[in-house]
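Asker: I'd like to ask some things about the structure below.
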Amino acid sequence: NNDGTDLVLSTDNNVHIRNNGTEEAIKAIANGAVELYFDNEKMFQTNSDGAEFFDSDNNFNLYFTCNGTRRGYLFVDSTGGGKMAFMDSQNHPMLEATKNGAVNLYHDNVKMLETNNSGAVTYGIHQITGAEGGDAQLYIYADEGDDAADKWRIKAQASDNTLRIQDIPDNGSWDDKLVFNNNGGAELYYDNNKVFETIAAGLKVSRTTAGSSYIEMVTSGGVAGYLYGQGNNEIHLMDREGHQFFKGIKDGAAELYWDNSKKLETTSGGINVT
């Protein structure tokens with residue numbers, strides 16, 4: 001043609017569109033493939049699986065353009081084991097993936113998440129939002145989660161505005177371990193029974209499944225002793241062996257002990273000493 005573009009059918013039944021007689025532009029191969037060239041270098045080829053892109057230098061870019069404006073591109077770096085990235089129009093990464101390595105996610109050119117050989121690292125603020133009227137939950141499973149004891153969850157409960165840390169020891173129902181009440185106290189549980197909570201006046205120890213409750217006091221030397229409540233009318237102070245120091249009875253006596261033997265008690269009439 002007068003413009004220097006030739007349409008050629010070669011002896012191997014391939015069809016070529018060439019510039020200036022020798023510079024490939026398009027090649028249609030007899031086996032069905034189509035090749036596209038730039039400056040006599042193959043850049044694109046169809047095949048039975050889809051298509052391939054080529055670039056002779058270390059980097060490959062696939063650009064996405066809408067209405068004449070470049071919106072971003074896919075970047076492939078063949079050095080350093082191979083890295084792929086989705087880039088915006090300002091050359092800022094949105095996602096990066098390295099062969100046999102990390103995957104990184106970005107927000108406005110700031111890395112927010114990266115994977116590593118142990119899991120993932122996140123940066124910044126992360127929000128979990130439940131549906132309207134629904135709970136927000138984060139499940140945490142150890143050891144592939146194949147046993148009930150591996151499973152934990154953190155739950156923001158919509159019905160009472162509490163935040164709960166729970167386990168599921170028998171693969172049945174979730175048990176509370178720690179509960180935070182909105183504008184209220186924090187509660188600690190043992191085997192799904194509340195045993196400790198903060199209140200407006202201070203602290204509260206609870207044992208609603210038994211007739212007694214106690215606080216164990218431990219130092220670096222071991223157990224020092226106990227503050228013990230019996231029923232709803234007795235308070236005891238005891239040593240580490242459960243021996244009495246003091247016993248107080250509601251609307252009744254106060255007793256003092258020496259080596260677990262009562263030595264003094266108050267009565268309605270005064271004091272008895274033994």
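Simple scheme: letters A, B, ... for chains in structure tokens order, numbers from 1 for residues in each chain, numbers from 1 for ligands in the order shown.
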Could you give me, as a PyMOL selection string, each residue of segment 79-274 of chain A that DSSP assigns to strand (DSSP E or B) when run on this structure's backbone?
Answerer: chain A and resi 83-88+93-98+103-107+110-116+119-122+136-141+151-157+162-167+175-181+186-190+193-199+202-205+212-219+222-230+234-239+244-249+254-258+261-267+270-273
Asker: What's around segment 70-76 of chain A at 10 Å? Count only C-alpha atoms, leave out sequence neighbours fewer than 5 positions away in its own chain, and write the answer as a compact mmCIF listing (two decimals) with N, CA and C atoms, in the first residue's frame.
Answerer:
# COMPACT_ATOMS: atom_id res chain seq x y z
N ASP A 55 6.64 -8.31 27.30
CA ASP A 55 7.45 -7.09 27.31
C ASP A 55 8.90 -7.52 27.44
N ASN A 58 12.30 -5.28 31.96
CA ASN A 58 12.00 -5.92 33.24
C ASN A 58 10.58 -5.71 33.72
N ASN A 59 9.93 -4.67 33.25
CA ASN A 59 8.61 -4.31 33.75
C ASN A 59 7.56 -4.43 32.65
N PHE A 60 6.34 -4.76 33.07
CA PHE A 60 5.22 -4.81 32.15
C PHE A 60 4.08 -4.00 32.74
N ASN A 61 3.45 -3.18 31.93
CA ASN A 61 2.33 -2.36 32.37
C ASN A 61 1.13 -2.60 31.45
N LEU A 62 -0.02 -2.85 32.06
CA LEU A 62 -1.28 -2.95 31.33
C LEU A 62 -2.17 -1.82 31.81
N TYR A 63 -2.41 -0.86 30.95
CA TYR A 63 -3.11 0.36 31.35
C TYR A 63 -4.61 0.24 31.08
N PHE A 64 -5.40 0.89 31.95
CA PHE A 64 -6.85 0.93 31.82
C PHE A 64 -7.26 2.39 31.60
N THR A 65 -7.88 2.64 30.45
CA THR A 65 -8.25 4.00 30.07
C THR A 65 -9.75 4.07 29.80
N GLY A 82 9.70 -11.55 41.07
CA GLY A 82 8.43 -11.25 40.42
C GLY A 82 7.44 -10.60 41.35
N LYS A 83 7.01 -9.40 41.01
CA LYS A 83 6.02 -8.69 41.80
C LYS A 83 4.95 -8.15 40.87
N MET A 84 3.69 -8.24 41.33
CA MET A 84 2.57 -7.68 40.58
C MET A 84 1.88 -6.64 41.46
N ALA A 85 1.36 -5.60 40.82
CA ALA A 85 0.70 -4.55 41.58
C ALA A 85 -0.39 -3.90 40.73
N PHE A 86 -1.48 -3.53 41.40
CA PHE A 86 -2.47 -2.66 40.79
C PHE A 86 -2.16 -1.23 41.23
N MET A 87 -1.96 -0.34 40.27
CA MET A 87 -1.56 1.03 40.53
C MET A 87 -2.66 1.99 40.09
N ASP A 88 -2.77 3.13 40.78
CA ASP A 88 -3.72 4.14 40.33
C ASP A 88 -3.06 5.06 39.31
N SER A 89 -3.77 6.05 38.86
CA SER A 89 -3.27 6.92 37.80
C SER A 89 -2.12 7.80 38.26
N GLN A 90 -1.87 7.88 39.58
CA GLN A 90 -0.75 8.66 40.13
C GLN A 90 0.44 7.77 40.47
N ASN A 91 0.42 6.54 39.98
CA ASN A 91 1.49 5.56 40.25
C ASN A 91 1.55 5.17 41.73
N HIS A 92 0.43 5.27 42.42
CA HIS A 92 0.35 4.84 43.80
C HIS A 92 -0.16 3.40 43.85
N PRO A 93 0.46 2.53 44.65
CA PRO A 93 -0.02 1.14 44.72
C PRO A 93 -1.35 1.04 45.46
N MET A 94 -2.22 0.17 44.96
CA MET A 94 -3.45 -0.18 45.65
C MET A 94 -3.36 -1.60 46.21
N LEU A 95 -2.72 -2.50 45.45
CA LEU A 95 -2.46 -3.87 45.87
C LEU A 95 -1.13 -4.31 45.30
N GLU A 96 -0.31 -4.96 46.13
CA GLU A 96 0.97 -5.52 45.68
C GLU A 96 1.03 -6.99 46.08
N ALA A 97 1.57 -7.81 45.20
CA ALA A 97 1.73 -9.24 45.48
C ALA A 97 3.10 -9.68 44.98
N THR A 98 3.89 -10.30 45.86
CA THR A 98 5.23 -10.77 45.52
C THR A 98 5.25 -12.29 45.51
Asker: As an exercise, work out the distance from atom CA of Met238 of chain A to atom CA of Thr267 of chain A in Å and give it to one decimal place.
Answerer: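 Computing the Euclidean distance for atom CA of Met238 of chain A and atom CA of Thr267 of chain A yields 21.6 Å.
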Asker: Leaving out segment 242-259 of chain A and any residue of its chain fewer than 4 positions from it, which residues lie within 9 Å of it when counting only C-alpha atoms, given as a ChimeraX atom specification?
Answerer: /A:225-226,232-238,263-268
Asker: Could those selected residues go to a file with N, CA and C atoms, as an mmCIF file, in the first residue's frame?
Answerer:
data_model
loop_
_atom_site.group_PDB
_atom_site.id
_atom_site.type_symbol
_atom_site.label_atom_id
_atom_site.label_comp_id
_atom_site.auth_asym_id
_atom_site.auth_seq_id
_atom_site.Cartn_x
_atom_site.Cartn_y
_atom_site.Cartn_z
ATOM 1 N N GLY A 225 -3.538 -15.999 102.199
ATOM 2 C CA GLY A 225 -4.747 -16.250 102.961
ATOM 3 C C GLY A 225 -5.990 -15.934 102.150
ATOM 4 N N TYR A 226 -7.154 -15.902 102.862
ATOM 5 C CA TYR A 226 -8.437 -15.767 102.189
ATOM 6 C C TYR A 226 -9.345 -14.822 102.961
ATOM 7 N N ASN A 232 -25.182 -15.561 103.722
ATOM 8 C CA ASN A 232 -25.322 -14.116 103.568
ATOM 9 C C ASN A 232 -25.140 -13.395 104.894
ATOM 10 N N ASN A 233 -24.465 -14.074 105.877
ATOM 11 C CA ASN A 233 -24.357 -13.445 107.191
ATOM 12 C C ASN A 233 -23.022 -13.653 107.891
ATOM 13 N N GLU A 234 -22.029 -14.260 107.226
ATOM 14 C CA GLU A 234 -20.740 -14.481 107.882
ATOM 15 C C GLU A 234 -19.592 -14.022 106.993
ATOM 16 N N ILE A 235 -18.587 -13.413 107.616
ATOM 17 C CA ILE A 235 -17.342 -13.033 106.961
ATOM 18 C C ILE A 235 -16.196 -13.626 107.771
ATOM 19 N N HIS A 236 -15.223 -14.262 107.083
ATOM 20 C CA HIS A 236 -14.070 -14.881 107.730
ATOM 21 C C HIS A 236 -12.781 -14.357 107.093
ATOM 22 N N LEU A 237 -11.774 -14.193 107.938
ATOM 23 C CA LEU A 237 -10.413 -13.936 107.457
ATOM 24 C C LEU A 237 -9.570 -15.121 107.887
ATOM 25 N N MET A 238 -8.957 -15.815 106.906
ATOM 26 C CA MET A 238 -8.287 -17.085 107.181
ATOM 27 C C MET A 238 -6.884 -17.094 106.587
ATOM 28 N N LYS A 263 -10.240 -17.140 120.821
ATOM 29 C CA LYS A 263 -9.767 -16.587 122.067
ATOM 30 C C LYS A 263 -10.652 -15.448 122.583
ATOM 31 N N LEU A 264 -11.404 -14.847 121.685
ATOM 32 C CA LEU A 264 -12.233 -13.723 122.104
ATOM 33 C C LEU A 264 -13.465 -13.654 121.222
ATOM 34 N N GLU A 265 -14.614 -13.342 121.853
ATOM 35 C CA GLU A 265 -15.828 -13.107 121.086
ATOM 36 C C GLU A 265 -16.673 -12.050 121.773
ATOM 37 N N THR A 266 -17.364 -11.303 120.934
ATOM 38 C CA THR A 266 -18.284 -10.308 121.495
ATOM 39 C C THR A 266 -19.653 -10.956 121.678
ATOM 40 N N THR A 267 -20.376 -10.446 122.688
ATOM 41 C CA THR A 267 -21.726 -10.921 122.952
ATOM 42 C C THR A 267 -22.635 -9.709 123.160
ATOM 43 N N SER A 268 -23.937 -9.969 123.314
ATOM 44 C CA SER A 268 -24.858 -8.870 123.563
ATOM 45 C C SER A 268 -24.560 -8.166 124.876
#
Asker: Hey, which of A:Leu138, A:Ile17, A:Ile29, A:Ile168 ends up closest to Gly4 of chain A? Count only C-alpha atoms.
Answerer: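 Looking only at the distances to Gly4 of chain A, the closest residue turns out to be A:Ile17.
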Asker: Here is a test: counting only C-alpha atoms, which residue of A:Gly124, A:Val205, A:Met217, A:Gln157 is nearest to Phe180 of chain A?
Answerer: A:Gln157
Asker: Out of A:Ser212, A:Ile140, A:Asn104, A:Gly222, which residue has the shortest atom-to-atom distance to Tyr123 of chain A when counting only C-alpha atoms?
Answerer: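 Among A:Ser212, A:Ile140, A:Asn104, A:Gly222, it is A:Asn104 that comes nearest to Tyr123 of chain A.
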Asker: Set the distance at 12 Å and use only C-alpha atoms: which residues neighbour Thr129 of chain A once local chain neighbours fewer than 4 positions away are removed? I'd like the list as number ranges by chain.
Answerer: A: 133-138, 155-158
Asker: Would you mind telling me which residue in A:Asp191, A:Lys262, A:Asp176, A:Ala224 lies nearest to Thr209 of chain A when using only C-alpha atoms?
Answerer: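 Among the listed residues, A:Asp191 lies closest to Thr209 of chain A.
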Asker: Neighbours of Tyr189 of chain A within 9 Å (only C-alpha atoms; same-chain residues fewer than 2 positions away dropped), as number ranges by chain?
Answerer: A: 175-179, 187, 191-197
Asker: Write the residues of the preceding selection, restricted to N, CA, C and O atoms, as a short mmCIF file (atom, residue, chain, number, x, y, z; two decimals), in the first residue's frame.
Answerer:
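Contents of the output file again.cif:
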data_model
loop_
_atom_site.label_atom_id
_atom_site.label_comp_id
_atom_site.auth_asym_id
_atom_site.auth_seq_id
_atom_site.Cartn_x
_atom_site.Cartn_y
_atom_site.Cartn_z
N ASP A 175 -20.07 -19.51 75.82
CA ASP A 175 -20.02 -19.14 77.23
C ASP A 175 -19.29 -17.83 77.41
O ASP A 175 -18.26 -17.58 76.75
N ASP A 176 -19.77 -17.01 78.32
CA ASP A 176 -19.10 -15.74 78.61
C ASP A 176 -17.84 -15.98 79.43
O ASP A 176 -17.81 -16.82 80.34
N LYS A 177 -16.79 -15.24 79.12
CA LYS A 177 -15.57 -15.19 79.91
C LYS A 177 -15.37 -13.80 80.50
O LYS A 177 -14.94 -13.64 81.63
N LEU A 178 -15.68 -12.78 79.69
CA LEU A 178 -15.54 -11.40 80.11
C LEU A 178 -16.65 -10.59 79.43
O LEU A 178 -16.86 -10.72 78.23
N VAL A 179 -17.36 -9.77 80.22
CA VAL A 179 -18.46 -8.96 79.70
C VAL A 179 -18.26 -7.52 80.14
O VAL A 179 -18.02 -7.26 81.34
N GLU A 187 -17.40 -7.60 83.97
CA GLU A 187 -17.70 -8.84 84.66
C GLU A 187 -16.74 -9.94 84.22
O GLU A 187 -16.46 -10.08 83.03
N ASP A 191 -16.50 -20.76 84.03
CA ASP A 191 -17.43 -21.78 83.56
C ASP A 191 -18.83 -21.19 83.35
O ASP A 191 -19.83 -21.78 83.74
N ASN A 192 -18.85 -20.01 82.75
CA ASN A 192 -20.08 -19.30 82.40
C ASN A 192 -20.87 -18.80 83.61
O ASN A 192 -22.04 -18.43 83.49
N ASN A 193 -20.25 -18.76 84.79
CA ASN A 193 -20.87 -18.20 85.99
C ASN A 193 -20.10 -16.96 86.42
O ASN A 193 -18.86 -16.99 86.55
N LYS A 194 -20.81 -15.88 86.64
CA LYS A 194 -20.15 -14.62 87.01
C LYS A 194 -19.57 -14.74 88.41
O LYS A 194 -20.27 -15.10 89.36
N VAL A 195 -18.29 -14.41 88.57
CA VAL A 195 -17.63 -14.50 89.87
C VAL A 195 -17.05 -13.16 90.33
O VAL A 195 -16.72 -13.01 91.51
N PHE A 196 -16.93 -12.19 89.42
CA PHE A 196 -16.31 -10.91 89.79
C PHE A 196 -16.87 -9.83 88.89
O PHE A 196 -17.09 -10.04 87.70
N GLU A 197 -17.11 -8.64 89.47
CA GLU A 197 -17.58 -7.52 88.66
C GLU A 197 -17.22 -6.21 89.34
O GLU A 197 -17.06 -6.14 90.56
#
Asker: So how far away is atom CA of Thr46 of chain A from atom CA of Thr22 of chain A, in Å?
Answerer: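 Straight-line distance from atom CA of Thr22 of chain A to atom CA of Thr46 of chain A works out to 21.9 Å.
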Asker: Please provide the set of residues having any atom within 7 Å of Leu36 of chain A, restricted to only C-alpha atoms, with same-chain residues fewer than 6 positions apart removed, written as number ranges by chain.
Answerer: A: 25-27, 42-45
Asker: Kindly give the distance, in Å, that separates atom CA of Val218 of chain A and atom CA of Asp167 of chain A, rounded to a single decimal.
Answerer: 27.0 Å
Asker: For a quick check of understanding, using only C-alpha atoms, which of A:Gln166, A:Ser213, A:Asn116, A:Ser10 has the smallest distance to Ala28 of chain A?
Answerer: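 Using only C-alpha atoms, Ala28 of chain A sits closest to A:Ser10.
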